[in-house]
>>> print(open('input_12.pdb').read())   # PDB, C-alpha atoms and all ligand atoms
ATOM      1  CA  MET A  45      17.908  -2.659  -5.922
ATOM      2  CA  SER A  46      18.413   0.339  -3.642
ATOM      3  CA  THR A  47      19.831  -0.072  -0.138
ATOM      4  CA  PRO A  48      17.164  -1.067   2.417
ATOM      5  CA  VAL A  49      16.264   1.680   4.831
ATOM      6  CA  LEU A  50      16.378  -0.812   7.695
ATOM      7  CA  SER A  51      17.989  -4.222   7.603
ATOM      8  CA  THR A  52      18.337  -6.469  10.644
ATOM      9  CA  THR A  53      19.595 -10.015  11.140
ATOM     10  CA  ALA A  54      18.805 -11.934  14.329
ATOM     11  CA  LEU A  55      18.668  -8.573  16.118
ATOM     12  CA  THR A  56      18.270  -9.068  19.854
ATOM     13  CA  LYS A  57      18.092  -6.600  22.734
ATOM     14  CA  ARG A  58      18.009  -7.719  26.345
ATOM     15  CA  TYR A  59      17.663  -5.579  29.437
ATOM     16  CA  GLY A  60      19.181  -7.734  32.135
ATOM     17  CA  ARG A  61      17.301 -11.017  31.868
ATOM     18  CA  HIS A  62      14.367  -9.463  30.037
ATOM     19  CA  THR A  63      14.341  -9.836  26.250
ATOM     20  CA  ALA A  64      12.778  -6.737  24.678
ATOM     21  CA  LEU A  65      13.513  -7.771  21.081
ATOM     22  CA  ALA A  66      14.341 -11.323  19.988
ATOM     23  CA  GLU A  67      16.072 -12.626  16.865
ATOM     24  CA  THR A  68      14.508 -10.047  14.574
ATOM     25  CA  THR A  69      15.282 -10.328  10.883
ATOM     26  CA  LEU A  70      13.801  -7.613   8.675
ATOM     27  CA  ASP A  71      14.448  -5.908   5.355
ATOM     28  CA  ILE A  72      12.528  -2.724   4.731
ATOM     29  CA  PRO A  73      12.895  -1.100   1.317
ATOM     30  CA  ALA A  74      13.586   2.625   0.984
ATOM     31  CA  GLY A  75      10.966   5.181  -0.004
ATOM     32  CA  ARG A  76       8.171   3.785   2.159
ATOM     33  CA  ILE A  77       6.074   4.990   5.069
ATOM     34  CA  VAL A  78       6.411   2.040   7.409
ATOM     35  CA  GLY A  79       3.934   1.384  10.210
ATOM     36  CA  LEU A  80       5.226  -0.522  13.231
ATOM     37  CA  VAL A  81       2.310  -1.876  15.253
ATOM     38  CA  GLY A  82       2.001  -4.084  18.303
ATOM     39  CA  PRO A  83       0.710  -4.115  21.867
ATOM     40  CA  ASN A  84       2.315  -2.364  24.849
ATOM     41  CA  GLY A  85       5.712  -3.812  25.626
ATOM     42  CA  ALA A  86       6.025  -5.544  22.235
ATOM     43  CA  GLY A  87       9.457  -4.029  21.584
ATOM     44  CA  LYS A  88       8.523  -1.205  19.181
ATOM     45  CA  SER A  89      10.393   1.586  20.998
ATOM     46  CA  THR A  90      13.351  -0.754  21.445
ATOM     47  CA  LEU A  91      13.553  -1.422  17.701
ATOM     48  CA  LEU A  92      13.230   2.287  16.899
ATOM     49  CA  ALA A  93      15.873   3.245  19.482
ATOM     50  CA  LEU A  94      18.224   0.641  17.985
ATOM     51  CA  ALA A  95      17.591   2.093  14.502
ATOM     52  CA  ALA A  96      18.285   5.615  15.772
ATOM     53  CA  GLY A  97      21.500   4.393  17.414
ATOM     54  CA  LEU A  98      20.366   5.420  20.896
ATOM     55  CA  ILE A  99      20.988   1.918  22.231
ATOM     56  CA  ARG A 100      23.191  -0.943  21.051
ATOM     57  CA  PRO A 101      22.072  -4.500  20.232
ATOM     58  CA  THR A 102      22.848  -7.301  22.670
ATOM     59  CA  SER A 103      23.454  -9.537  19.652
ATOM     60  CA  GLY A 104      22.643  -9.665  15.955
ATOM     61  CA  HIS A 105      23.092  -7.016  13.333
ATOM     62  CA  ILE A 106      21.357  -3.807  12.293
ATOM     63  CA  GLU A 107      21.989  -1.413   9.412
ATOM     64  CA  VAL A 108      20.133   1.782   8.657
ATOM     65  CA  LEU A 109      20.538   3.115   5.116
ATOM     66  CA  GLY A 110      23.360   0.610   4.683
ATOM     67  CA  ARG A 111      25.401   1.665   7.717
ATOM     68  CA  THR A 112      25.645   1.102  11.465
ATOM     69  CA  PRO A 113      23.195   3.445  13.257
ATOM     70  CA  ALA A 114      24.783   6.630  14.623
ATOM     71  CA  ALA A 115      28.209   5.482  13.395
ATOM     72  CA  ASP A 116      29.406   9.066  12.943
ATOM     73  CA  ALA A 117      28.149  12.627  12.412
ATOM     74  CA  ALA A 118      27.385  11.983   8.737
ATOM     75  CA  GLN A 119      25.203   8.982   9.584
ATOM     76  CA  LEU A 120      23.467  10.894  12.391
ATOM     77  CA  ALA A 121      22.556  13.634   9.906
ATOM     78  CA  ARG A 122      20.848  11.086   7.647
ATOM     79  CA  VAL A 123      18.287  10.069  10.285
ATOM     80  CA  GLY A 124      15.722  12.225  12.083
ATOM     81  CA  PHE A 125      14.298  10.731  15.273
ATOM     82  CA  VAL A 126      11.313  11.988  17.256
ATOM     83  CA  ALA A 127      10.900  10.147  20.541
ATOM     84  CA  GLN A 128       7.577   9.470  22.272
ATOM     85  CA  ASP A 129       5.903  12.601  23.775
ATOM     86  CA  THR A 130       7.305  14.868  20.991
ATOM     87  CA  PRO A 131      10.110  16.460  22.989
ATOM     88  CA  VAL A 132      10.439  20.229  22.641
ATOM     89  CA  TYR A 133      12.004  22.761  25.017
ATOM     90  CA  ALA A 134       9.188  24.416  26.977
ATOM     91  CA  GLY A 135      11.156  27.605  27.695
ATOM     92  CA  LEU A 136      12.238  28.205  24.103
ATOM     93  CA  SER A 137      10.104  29.911  21.463
ATOM     94  CA  VAL A 138       9.242  28.358  18.112
ATOM     95  CA  ALA A 139      11.815  30.675  16.465
ATOM     96  CA  ASP A 140      14.433  29.599  19.063
ATOM     97  CA  HIS A 141      13.813  25.976  18.079
ATOM     98  CA  LEU A 142      14.438  26.813  14.435
ATOM     99  CA  ARG A 143      17.653  28.685  15.313
ATOM    100  CA  LEU A 144      18.814  25.751  17.460
ATOM    101  CA  GLY A 145      18.022  23.317  14.656
ATOM    102  CA  GLU A 146      20.006  25.409  12.212
ATOM    103  CA  HIS A 147      22.929  25.623  14.611
ATOM    104  CA  LEU A 148      23.036  21.871  15.221
ATOM    105  CA  ASN A 149      22.405  20.541  11.723
ATOM    106  CA  PRO A 150      24.742  21.210   8.797
ATOM    107  CA  ALA A 151      22.124  20.438   6.136
ATOM    108  CA  TRP A 152      19.370  22.534   7.812
ATOM    109  CA  ASP A 153      16.780  23.793   5.321
ATOM    110  CA  ARG A 154      15.823  27.203   6.696
ATOM    111  CA  ARG A 155      13.339  28.070   3.951
ATOM    112  CA  PHE A 156      11.560  24.768   4.341
ATOM    113  CA  ALA A 157      11.335  25.137   8.144
ATOM    114  CA  GLN A 158      10.017  28.712   7.981
ATOM    115  CA  ALA A 159       7.508  27.867   5.267
ATOM    116  CA  ARG A 160       6.160  24.909   7.269
ATOM    117  CA  ILE A 161       5.855  26.914  10.479
ATOM    118  CA  ALA A 162       3.896  29.576   8.575
ATOM    119  CA  GLN A 163       1.734  26.959   6.902
ATOM    120  CA  ILE A 164       0.843  25.285  10.211
ATOM    121  CA  GLY A 165       0.085  28.731  11.631
ATOM    122  CA  LEU A 166       2.556  28.622  14.552
ATOM    123  CA  ASP A 167       3.529  31.974  16.046
ATOM    124  CA  PRO A 168       7.364  32.078  15.955
ATOM    125  CA  ALA A 169       7.431  34.115  19.184
ATOM    126  CA  LYS A 170       5.334  31.636  21.188
ATOM    127  CA  LYS A 171       7.085  29.509  23.810
ATOM    128  CA  ALA A 172       6.903  25.787  23.028
ATOM    129  CA  GLY A 173       5.567  25.144  26.554
ATOM    130  CA  ARG A 174       2.425  27.083  25.606
ATOM    131  CA  LEU A 175       1.704  25.142  22.430
ATOM    132  CA  SER A 176      -1.042  22.523  22.312
ATOM    133  CA  GLY A 177      -0.101  18.839  21.999
ATOM    134  CA  GLY A 178      -0.893  18.943  18.286
ATOM    135  CA  GLN A 179       1.179  22.093  17.743
ATOM    136  CA  LYS A 180       4.130  20.577  19.646
ATOM    137  CA  ALA A 181       3.909  17.482  17.443
ATOM    138  CA  GLN A 182       3.853  19.660  14.323
ATOM    139  CA  LEU A 183       6.885  21.611  15.591
ATOM    140  CA  ALA A 184       8.801  18.395  16.328
ATOM    141  CA  LEU A 185       7.887  17.066  12.877
ATOM    142  CA  THR A 186       9.094  20.292  11.225
ATOM    143  CA  LEU A 187      12.384  20.227  13.158
ATOM    144  CA  ALA A 188      13.042  16.594  12.258
ATOM    145  CA  ALA A 189      12.207  17.126   8.571
ATOM    146  CA  ALA A 190      14.185  20.397   8.202
ATOM    147  CA  LYS A 191      17.344  18.435   8.969
ATOM    148  CA  ARG A 192      16.681  16.990   5.507
ATOM    149  CA  PRO A 193      17.273  13.416   6.654
ATOM    150  CA  GLU A 194      16.864  10.404   4.393
ATOM    151  CA  LEU A 195      14.902   8.593   7.099
ATOM    152  CA  LEU A 196      12.471   9.959   9.684
ATOM    153  CA  ILE A 197      11.676   7.785  12.703
ATOM    154  CA  PHE A 198       8.696   8.570  14.947
ATOM    155  CA  ASP A 199       7.842   6.715  18.126
ATOM    156  CA  GLU A 200       4.067   7.001  18.516
ATOM    157  CA  PRO A 201       3.808  10.504  17.078
ATOM    158  CA  VAL A 202       0.032  10.833  17.404
ATOM    159  CA  ALA A 203      -0.620   9.021  20.685
ATOM    160  CA  ALA A 204      -1.525  12.175  22.625
ATOM    161  CA  LEU A 205      -3.419  13.955  19.862
ATOM    162  CA  ASP A 206      -7.169  14.351  19.370
ATOM    163  CA  PRO A 207      -8.612  12.961  16.106
ATOM    164  CA  LEU A 208      -8.473  16.305  14.266
ATOM    165  CA  ALA A 209      -4.880  17.045  15.323
ATOM    166  CA  ARG A 210      -3.953  13.471  14.436
ATOM    167  CA  ARG A 211      -5.420  13.816  10.983
ATOM    168  CA  ALA A 212      -3.610  17.151  10.452
ATOM    169  CA  PHE A 213      -0.306  15.708  11.654
ATOM    170  CA  LEU A 214      -0.542  12.674   9.389
ATOM    171  CA  GLN A 215      -1.554  14.773   6.366
ATOM    172  CA  ASN A 216       1.422  17.016   7.035
ATOM    173  CA  LEU A 217       3.661  13.965   7.306
ATOM    174  CA  MET A 218       2.474  12.605   3.964
ATOM    175  CA  ALA A 219       3.078  16.011   2.359
ATOM    176  CA  PHE A 220       6.659  15.985   3.713
ATOM    177  CA  VAL A 221       7.308  12.552   2.349
ATOM    178  CA  ALA A 222       6.108  13.530  -1.109
ATOM    179  CA  GLU A 223       8.010  16.835  -1.029
ATOM    180  CA  LEU A 224      11.310  15.611   0.435
ATOM    181  CA  ASP A 225      11.404  12.077  -1.002
ATOM    182  CA  ILE A 226      12.268  10.429   2.330
ATOM    183  CA  SER A 227      11.494   7.178   4.127
ATOM    184  CA  VAL A 228       9.502   7.150   7.355
ATOM    185  CA  ILE A 229       9.137   4.546  10.100
ATOM    186  CA  LEU A 230       6.474   5.266  12.701
ATOM    187  CA  SER A 231       5.041   3.221  15.535
ATOM    188  CA  SER A 232       1.360   3.423  16.363
ATOM    189  CA  HIS A 233      -1.422   1.629  18.183
ATOM    190  CA  LEU A 234      -3.946   2.943  15.680
ATOM    191  CA  ILE A 235      -4.253   0.491  12.811
ATOM    192  CA  GLY A 236      -6.694   2.792  10.981
ATOM    193  CA  ASP A 237      -4.043   5.536  10.901
ATOM    194  CA  VAL A 238      -1.412   3.095   9.718
ATOM    195  CA  GLU A 239      -3.716   1.886   6.948
ATOM    196  CA  ARG A 240      -4.368   5.482   5.865
ATOM    197  CA  VAL A 241      -0.766   6.688   5.666
ATOM    198  CA  CYS A 242       1.573   3.683   5.506
ATOM    199  CA  ASP A 243       2.483   1.443   2.597
ATOM    200  CA  HIS A 244       4.558  -1.079   4.555
ATOM    201  CA  LEU A 245       3.684  -2.828   7.813
ATOM    202  CA  VAL A 246       5.633  -4.568  10.554
ATOM    203  CA  VAL A 247       3.629  -6.339  13.272
ATOM    204  CA  LEU A 248       5.606  -6.871  16.451
ATOM    205  CA  ALA A 249       4.369  -8.891  19.435
ATOM    206  CA  GLU A 250       6.050 -10.779  22.241
ATOM    207  CA  SER A 251       9.418  -9.262  21.174
ATOM    208  CA  ARG A 252       9.195 -10.839  17.717
ATOM    209  CA  VAL A 253       8.119  -9.859  14.221
ATOM    210  CA  GLN A 254       4.846 -11.674  13.508
ATOM    211  CA  VAL A 255       4.450 -10.527   9.910
ATOM    212  CA  ALA A 256       5.927  -7.794   7.697
ATOM    213  CA  GLY A 257       5.450  -6.621   4.144
ATOM    214  CA  GLU A 258       3.801  -4.194   1.757
ATOM    215  CA  ILE A 259       0.276  -3.499   3.025
ATOM    216  CA  ASP A 260      -1.315  -4.093  -0.391
ATOM    217  CA  ASP A 261       0.360  -7.516  -0.622
ATOM    218  CA  LEU A 262      -0.556  -8.459   2.934
ATOM    219  CA  THR A 263      -4.221  -7.577   2.497
ATOM    220  CA  ALA A 264      -4.340  -9.323  -0.895
ATOM    221  CA  ASN A 265      -2.746 -12.500   0.474
ATOM    222  CA  HIS A 266      -4.613 -12.998   3.749
ATOM    223  CA  HIS A 267      -8.022 -14.655   3.556
ATOM    224  CA  ARG A 268     -10.762 -16.110   5.676
ATOM    225  CA  ILE A 269     -11.950 -19.527   4.469
ATOM    226  CA  VAL A 270     -15.105 -21.175   5.739
ATOM    227  CA  GLY A 271     -15.927 -24.771   4.839
ATOM    228  CA  PRO A 272     -17.461 -28.008   6.146
ATOM    229  CA  ARG A 273     -15.453 -29.562   8.981
ATOM    230  CA  GLY A 274     -12.593 -31.612   7.563
ATOM    231  CA  SER A 275     -12.745 -30.026   4.096
ATOM    232  CA  LEU A 276      -9.896 -27.615   4.915
ATOM    233  CA  ASP A 277      -7.518 -30.133   6.464
ATOM    234  CA  ALA A 278      -5.258 -30.415   3.398
ATOM    235  CA  LEU A 279      -4.288 -27.017   2.015
ATOM    236  CA  PRO A 280      -1.999 -26.357  -0.962
ATOM    237  CA  ASP A 281       1.727 -25.734  -0.334
ATOM    238  CA  GLY A 282       2.528 -22.183   0.721
ATOM    239  CA  ILE A 283      -0.794 -21.624   2.515
ATOM    240  CA  HIS A 284      -0.043 -20.950   6.173
ATOM    241  CA  VAL A 285      -2.834 -21.186   8.716
ATOM    242  CA  ILE A 286      -2.670 -18.222  11.101
ATOM    243  CA  ALA A 287      -5.782 -19.113  13.084
ATOM    244  CA  ALA A 288      -8.321 -21.918  13.020
ATOM    245  CA  ASP A 289     -11.709 -22.303  14.613
ATOM    246  CA  HIS A 290     -13.911 -25.373  14.433
ATOM    247  CA  THR A 291     -17.522 -26.157  15.252
ATOM    248  CA  PRO A 292     -18.758 -29.755  14.944
ATOM    249  CA  ARG A 293     -19.892 -28.976  11.385
ATOM    250  CA  GLN A 294     -17.739 -26.146  10.135
ATOM    251  CA  SER A 295     -14.160 -24.910  10.060
ATOM    252  CA  THR A 296     -13.042 -21.329   9.700
ATOM    253  CA  LEU A 297      -9.432 -20.498   8.922
ATOM    254  CA  ILE A 298      -7.455 -17.296   8.545
ATOM    255  CA  VAL A 299      -4.658 -18.085   6.103
ATOM    256  CA  HIS A 300      -1.645 -16.371   4.599
ATOM    257  CA  ASP A 301      -1.062 -17.302   0.978
ATOM    258  CA  THR A 302       2.730 -16.952   0.857
ATOM    259  CA  THR A 303       2.734 -17.821  -2.856
ATOM    260  CA  GLY A 304       0.561 -14.750  -3.528
ATOM    261  CA  ARG A 305      -1.284 -16.546  -6.333
ATOM    262  CA  THR A 306      -3.169 -19.595  -5.073
ATOM    263  CA  THR A 307      -6.892 -19.759  -5.804
ATOM    264  CA  LEU A 308      -8.718 -20.942  -2.705
ATOM    265  CA  ASP A 309     -12.356 -22.018  -2.805
ATOM    266  CA  GLY A 310     -14.524 -20.080  -0.403
ATOM    267  CA  ALA A 311     -11.788 -17.545   0.426
ATOM    268  CA  GLU A 312     -12.878 -14.050   1.300
ATOM    269  CA  PRO A 313     -10.701 -11.020   2.047
ATOM    270  CA  ILE A 314     -10.057  -9.857   5.600
ATOM    271  CA  GLY A 315      -9.310  -6.244   6.409
ATOM    272  CA  LEU A 316      -5.984  -5.032   7.747
ATOM    273  CA  GLU A 317      -7.269  -4.615  11.292
ATOM    274  CA  ASP A 318      -8.602  -8.201  11.450
ATOM    275  CA  MET A 319      -5.356  -9.467   9.983
ATOM    276  CA  VAL A 320      -3.241  -7.629  12.565
ATOM    277  CA  LEU A 321      -5.496  -8.741  15.427
ATOM    278  CA  THR A 322      -5.262 -12.355  14.273
ATOM    279  CA  TYR A 323      -1.467 -12.210  14.475
ATOM    280  CA  LEU A 324      -1.559 -10.478  17.857
ATOM    281  CA  HIS A 325      -3.938 -13.071  19.276
ATOM    282  CA  ARG A 326      -1.838 -15.877  17.872
ATOM    283  CA  ALA A 327       1.271 -14.401  19.493
ATOM    284  CA  GLU A 328      -0.550 -14.420  22.827
ATOM    285  CA  GLY A 329      -1.841 -17.944  22.269
ATOM    286  CA  LEU A 330      -5.465 -16.803  22.055
ATOM    287  CA  THR A 331      -8.233 -17.535  19.566
ATOM    288  CA  ALA A 332      -8.883 -14.628  17.246
ATOM    289  CA  PRO A 333     -12.266 -12.977  17.937
ATOM    290  CA  THR A 334     -12.802 -12.430  14.200
ATOM    291  CA  LEU A 335     -13.192 -16.170  13.872
ATOM    292  CA  GLN A 336     -15.776 -16.441  16.599
ATOM    293  CA  GLU A 337     -17.950 -13.880  14.815
ATOM    294  CA  THR A 338     -18.159 -16.019  11.688
ATOM    295  CA  ARG A 339     -19.443 -19.111  13.490
ATOM    296  CA  ALA A 340     -22.582 -20.667  12.031
TER     297      ALA A 340
HETATM  298  N1  LIG B   1      15.487   0.610  29.719
HETATM  299  C1  LIG B   1      14.808  -0.519  29.966
HETATM  300  N2  LIG B   1      15.131  -1.312  30.995
HETATM  301  C2  LIG B   1      14.467  -2.456  31.242
HETATM  302  N3  LIG B   1      13.446  -2.914  30.502
HETATM  303  C3  LIG B   1      13.063  -2.166  29.436
HETATM  304  C4  LIG B   1      13.719  -0.929  29.116
HETATM  305  N4  LIG B   1      13.122  -0.413  28.009
HETATM  306  C5  LIG B   1      12.143  -1.290  27.670
HETATM  307  N5  LIG B   1      12.113  -2.331  28.523
HETATM  308  C6  LIG B   1      11.188  -3.480  28.456
HETATM  309  O1  LIG B   1      11.300  -4.067  27.158
HETATM  310  C7  LIG B   1      10.020  -4.431  26.658
HETATM  311  C8  LIG B   1       9.774  -3.718  25.348
HETATM  312  O2  LIG B   1       9.605  -2.349  25.610
HETATM  313  P1  LIG B   1       9.330  -1.280  24.478
HETATM  314  O3  LIG B   1       9.310   0.070  25.126
HETATM  315  O4  LIG B   1      10.270  -1.503  23.352
HETATM  316  O5  LIG B   1       7.841  -1.709  23.999
HETATM  317  P2  LIG B   1       6.804  -0.892  23.098
HETATM  318  O6  LIG B   1       6.288  -1.886  22.104
HETATM  319  O7  LIG B   1       7.389   0.348  22.570
HETATM  320  O8  LIG B   1       5.652  -0.582  24.144
HETATM  321  P3  LIG B   1       4.625   0.673  24.237
HETATM  322  O9  LIG B   1       3.629   0.454  23.130
HETATM  323  O10 LIG B   1       4.004   0.479  25.577
HETATM  324  O11 LIG B   1       5.402   1.939  24.101
HETATM  325  C9  LIG B   1       9.011  -4.082  27.748
HETATM  326  O12 LIG B   1       8.750  -5.238  28.479
HETATM  327  C10 LIG B   1       9.732  -3.047  28.591
HETATM  328  O13 LIG B   1       9.314  -3.126  29.919
END
>>> encode(input="input_12.pdb", output="structure tokens")
Amino acid sequence: MSTPVLSTTALTKRYGRHTALAETTLDIPAGRIVGLVGPNGAGKSTLLALAAGLIRPTSGHIEVLGRTPAADAAQLARVGFVAQDTPVYAGLSVADHLRLGEHLNPAWDRRFAQARIAQIGLDPAKKAGRLSGGQKAQLALTLAAAKRPELLIFDEPVAALDPLARRAFLQNLMAFVAELDISVILSSHLIGDVERVCDHLVVLAESRVQVAGEIDDLTANHHRIVGPRGSLDALPDGIHVIAADHTPRQSTLIVHDTTGRTTLDGAEPIGLEDMVLTYLHRAEGLTAPTLQETRA
């Protein structure tokens, strides 16, 4: 098996007495577009900053592409990181950014960068400060990809973009991944976007991973089951109840079939968004609204 793109064991980051990330153990295979979702303050940026080597763990272990993040110049060159708010230099032109990128990165792919800038339709002479939010995001994406990293990390790349710019950015991202054969980890609040572009999902809430895996497996193995009250009390081994709701006559469960192959009477699929929301509500100790809607 190839080296995981991100591997963590009991990874913990505290800021003073506040725990931003707690005891996180993850193994993410290479060659995926990974979506990291979770509410504000869940610890997404913290995990991404740890992976980029911008901050150090308080305890636990993290490896990116089999090595300690930012261990040396060679490791730094293997990872492209775009922080929140797509940082570009307002006073520099698009062409200046490409020259700077070339100067700073030994493996810089000039032809790729120029071709992408032309394809997006960016004027090389235009100052980055005069670009729209979408154009800045496209420039930051081009700069990160032209480094020819093995892993691209984006912290909420589309948060500030309108729906059309978001769609264009994500299409461009998918084209990069196919063309350059790289892994991507991106955080987002938009589950629809994650479902469209990602093949692997990590749900983070309350500083902890709630669920992680290939999106196809997760959607295939999470079900809603409705049955007479009491009929769902004894479930087969490997069926984990994520949320339960009971009326005097009926029970409704959201379950995760960790065996991946149990046949459950009355089970119906739930979509990715409902699945994510169920985990987020559970993390907050709330009842999932999806269950309320199915009440008789
Ligand atoms: N430098 C810091 N000093 C102190 N606390 C911090 C620092 N950075 C993050 N935190 C805290 O750690 C927690 C996790 O923050 P983080 O930015 O990782 O969350 P997030 O999931 O990325 O949130 P958002 O979706 O709002 O960007 C939050 O409670 C935040 O206030």
>>> atom_distance(input="input_12.pdb", atom1="CA of Gly315 in chain A", atom2="CA of Pro73 in chain A")
23.4 Å
>>> resolve_selection(input="input_12.pdb", expression="the PyMOL selection byres (((chain A and resi 171-176) around 6) and not hetatm)", output="ChimeraX atom specification")
/A:134-137,170,177-180
>>> residues_around(input="input_12.pdb", residues="range 189-204 of chain A", least_positions_apart="2", cutoff="6 Å", atoms="all atoms listed in the file", output="list in words")
Arg122, Val123, Gly124, Phe125, Val126, Ala127, Gln128, Ala151, Trp152, Asp153, Ala157, Thr186, Leu187, Arg210, Ile226, Ser227, Val228, Ile229, Leu230, Ser231 and Ser232 of chain A
>>> closest_residue(input="input_12.pdb", among="A:Asn149, A:Ser275, A:Asn84, A:Gln182", to="ligand LIG 1 (chain B)", atoms="only C-alpha atoms and all ligand atoms")
A:Asn84
>>> closest_atom_pairs(input="input_12.pdb", of="chain A", to="ligand LIG 1 (chain B)", cutoff="10 Å", atoms="only C-alpha atoms and all ligand atoms", output="JSON lines")
{"residue": "A:Lys57", "atom": "CA", "partner": "B:LIG1", "partner_atom": "O1", "distance": 8.5}
{"residue": "A:Arg58", "atom": "CA", "partner": "B:LIG1", "partner_atom": "O1", "distance": 7.7}
{"residue": "A:Tyr59", "atom": "CA", "partner": "B:LIG1", "partner_atom": "C2", "distance": 4.8}
{"residue": "A:Gly60", "atom": "CA", "partner": "B:LIG1", "partner_atom": "C2", "distance": 7.1}
{"residue": "A:Arg61", "atom": "CA", "partner": "B:LIG1", "partner_atom": "C2", "distance": 9.0}
{"residue": "A:His62", "atom": "CA", "partner": "B:LIG1", "partner_atom": "N3", "distance": 6.6}
{"residue": "A:Thr63", "atom": "CA", "partner": "B:LIG1", "partner_atom": "O1", "distance": 6.6}
{"residue": "A:Ala64", "atom": "CA", "partner": "B:LIG1", "partner_atom": "O1", "distance": 3.9}
{"residue": "A:Leu65", "atom": "CA", "partner": "B:LIG1", "partner_atom": "C8", "distance": 7.0}
{"residue": "A:Leu80", "atom": "CA", "partner": "B:LIG1", "partner_atom": "O6", "distance": 9.0}
{"residue": "A:Val81", "atom": "CA", "partner": "B:LIG1", "partner_atom": "O6", "distance": 7.9}
{"residue": "A:Gly82", "atom": "CA", "partner": "B:LIG1", "partner_atom": "O6", "distance": 6.1}
{"residue": "A:Pro83", "atom": "CA", "partner": "B:LIG1", "partner_atom": "O9", "distance": 5.6}
{"residue": "A:Asn84", "atom": "CA", "partner": "B:LIG1", "partner_atom": "O10", "distance": 3.4}
{"residue": "A:Gly85", "atom": "CA", "partner": "B:LIG1", "partner_atom": "O5", "distance": 3.4}
{"residue": "A:Ala86", "atom": "CA", "partner": "B:LIG1", "partner_atom": "O6", "distance": 3.7}
{"residue": "A:Gly87", "atom": "CA", "partner": "B:LIG1", "partner_atom": "O4", "distance": 3.2}
{"residue": "A:Lys88", "atom": "CA", "partner": "B:LIG1", "partner_atom": "O6", "distance": 3.7}
{"residue": "A:Ser89", "atom": "CA", "partner": "B:LIG1", "partner_atom": "O7", "distance": 3.6}
{"residue": "A:Thr90", "atom": "CA", "partner": "B:LIG1", "partner_atom": "O4", "distance": 3.7}
{"residue": "A:Leu91", "atom": "CA", "partner": "B:LIG1", "partner_atom": "O4", "distance": 6.5}
{"residue": "A:Leu92", "atom": "CA", "partner": "B:LIG1", "partner_atom": "O4", "distance": 8.0}
{"residue": "A:Ala93", "atom": "CA", "partner": "B:LIG1", "partner_atom": "O4", "distance": 8.3}
{"residue": "A:Leu94", "atom": "CA", "partner": "B:LIG1", "partner_atom": "O4", "distance": 9.8}
{"residue": "A:Ile99", "atom": "CA", "partner": "B:LIG1", "partner_atom": "N1", "distance": 9.4}
{"residue": "A:Gln128", "atom": "CA", "partner": "B:LIG1", "partner_atom": "O11", "distance": 8.0}
{"residue": "A:Asp199", "atom": "CA", "partner": "B:LIG1", "partner_atom": "O7", "distance": 7.8}
{"residue": "A:Glu200", "atom": "CA", "partner": "B:LIG1", "partner_atom": "O11", "distance": 7.7}
{"residue": "A:Ala203", "atom": "CA", "partner": "B:LIG1", "partner_atom": "O9", "distance": 9.9}
{"residue": "A:Ser231", "atom": "CA", "partner": "B:LIG1", "partner_atom": "O7", "distance": 8.0}
{"residue": "A:Ser232", "atom": "CA", "partner": "B:LIG1", "partner_atom": "O9", "distance": 7.7}
{"residue": "A:His233", "atom": "CA", "partner": "B:LIG1", "partner_atom": "O9", "distance": 7.2}
{"residue": "A:Leu248", "atom": "CA", "partner": "B:LIG1", "partner_atom": "O6", "distance": 7.6}
{"residue": "A:Ala249", "atom": "CA", "partner": "B:LIG1", "partner_atom": "O6", "distance": 7.7}
{"residue": "A:Glu250", "atom": "CA", "partner": "B:LIG1", "partner_atom": "C8", "distance": 8.6}
{"residue": "A:Ser251", "atom": "CA", "partner": "B:LIG1", "partner_atom": "C8", "distance": 6.9}
>>> residues_around(input="input_12.pdb", residues="Ala54 in chain A", least_positions_apart="6", cutoff="10 Å", atoms="only C-alpha atoms", output="PyMOL selection string")
chain A and resi 65-70+103-106
>>> closest_residue(input="input_12.pdb", among="A:Pro272, A:Gly329, A:Pro48, A:Gly304", to="Asp260 in chain A", atoms="all atoms listed in the file")
A:Gly304
>>> atom_distance(input="input_12.pdb", atom1="CA of His267 in chain A", atom2="CA of Gly75 in chain A")
27.7 Å
>>> atom_distance(input="input_12.pdb", atom1="CA of Ala117 in chain A", atom2="CA of Ala95 in chain A")
15.1 Å
>>> closest_residue(input="input_12.pdb", among="A:Leu308, A:Glu258, A:Ser295, A:Ala288", to="Gly271 in chain A", atoms="only C-alpha atoms")
A:Ser295
>>> closest_residue(input="input_12.pdb", among="A:Thr302, A:Arg268, A:Tyr133, A:Gly282", to="Asp318 in chain A", atoms="only C-alpha atoms")
A:Arg268
>>> residues_around(input="input_12.pdb", residues="Ile314 in chain A", least_positions_apart="2", cutoff="12 Å", atoms="all atoms listed in the file", output="PyMOL selection string")
chain A and resi 262-269+297-300+311-312+316-322+334-335+338
>>> closest_residue(input="input_12.pdb", among="A:Ala139, A:Leu109, A:Val132, A:Leu208", to="Ala188 in chain A", atoms="all atoms listed in the file")
A:Val132
>>> axis_aligned_box(input="input_12.pdb", around="range 70-86 of chain A", padding_each_side="5 Å", output="JSON")
{"center_x": 7.6, "center_y": -1.2, "center_z": 12.8, "size_x": 23.7, "size_y": 22.8, "size_z": 35.6}
>>> residues_near_point(input="input_12.pdb", point="(7.8, 26.4, 8.6)", cutoff="12 Å", atoms="only C-alpha atoms", output="ChimeraX atom specification")
/A:138-139,141-142,153-168,182-190,216,220
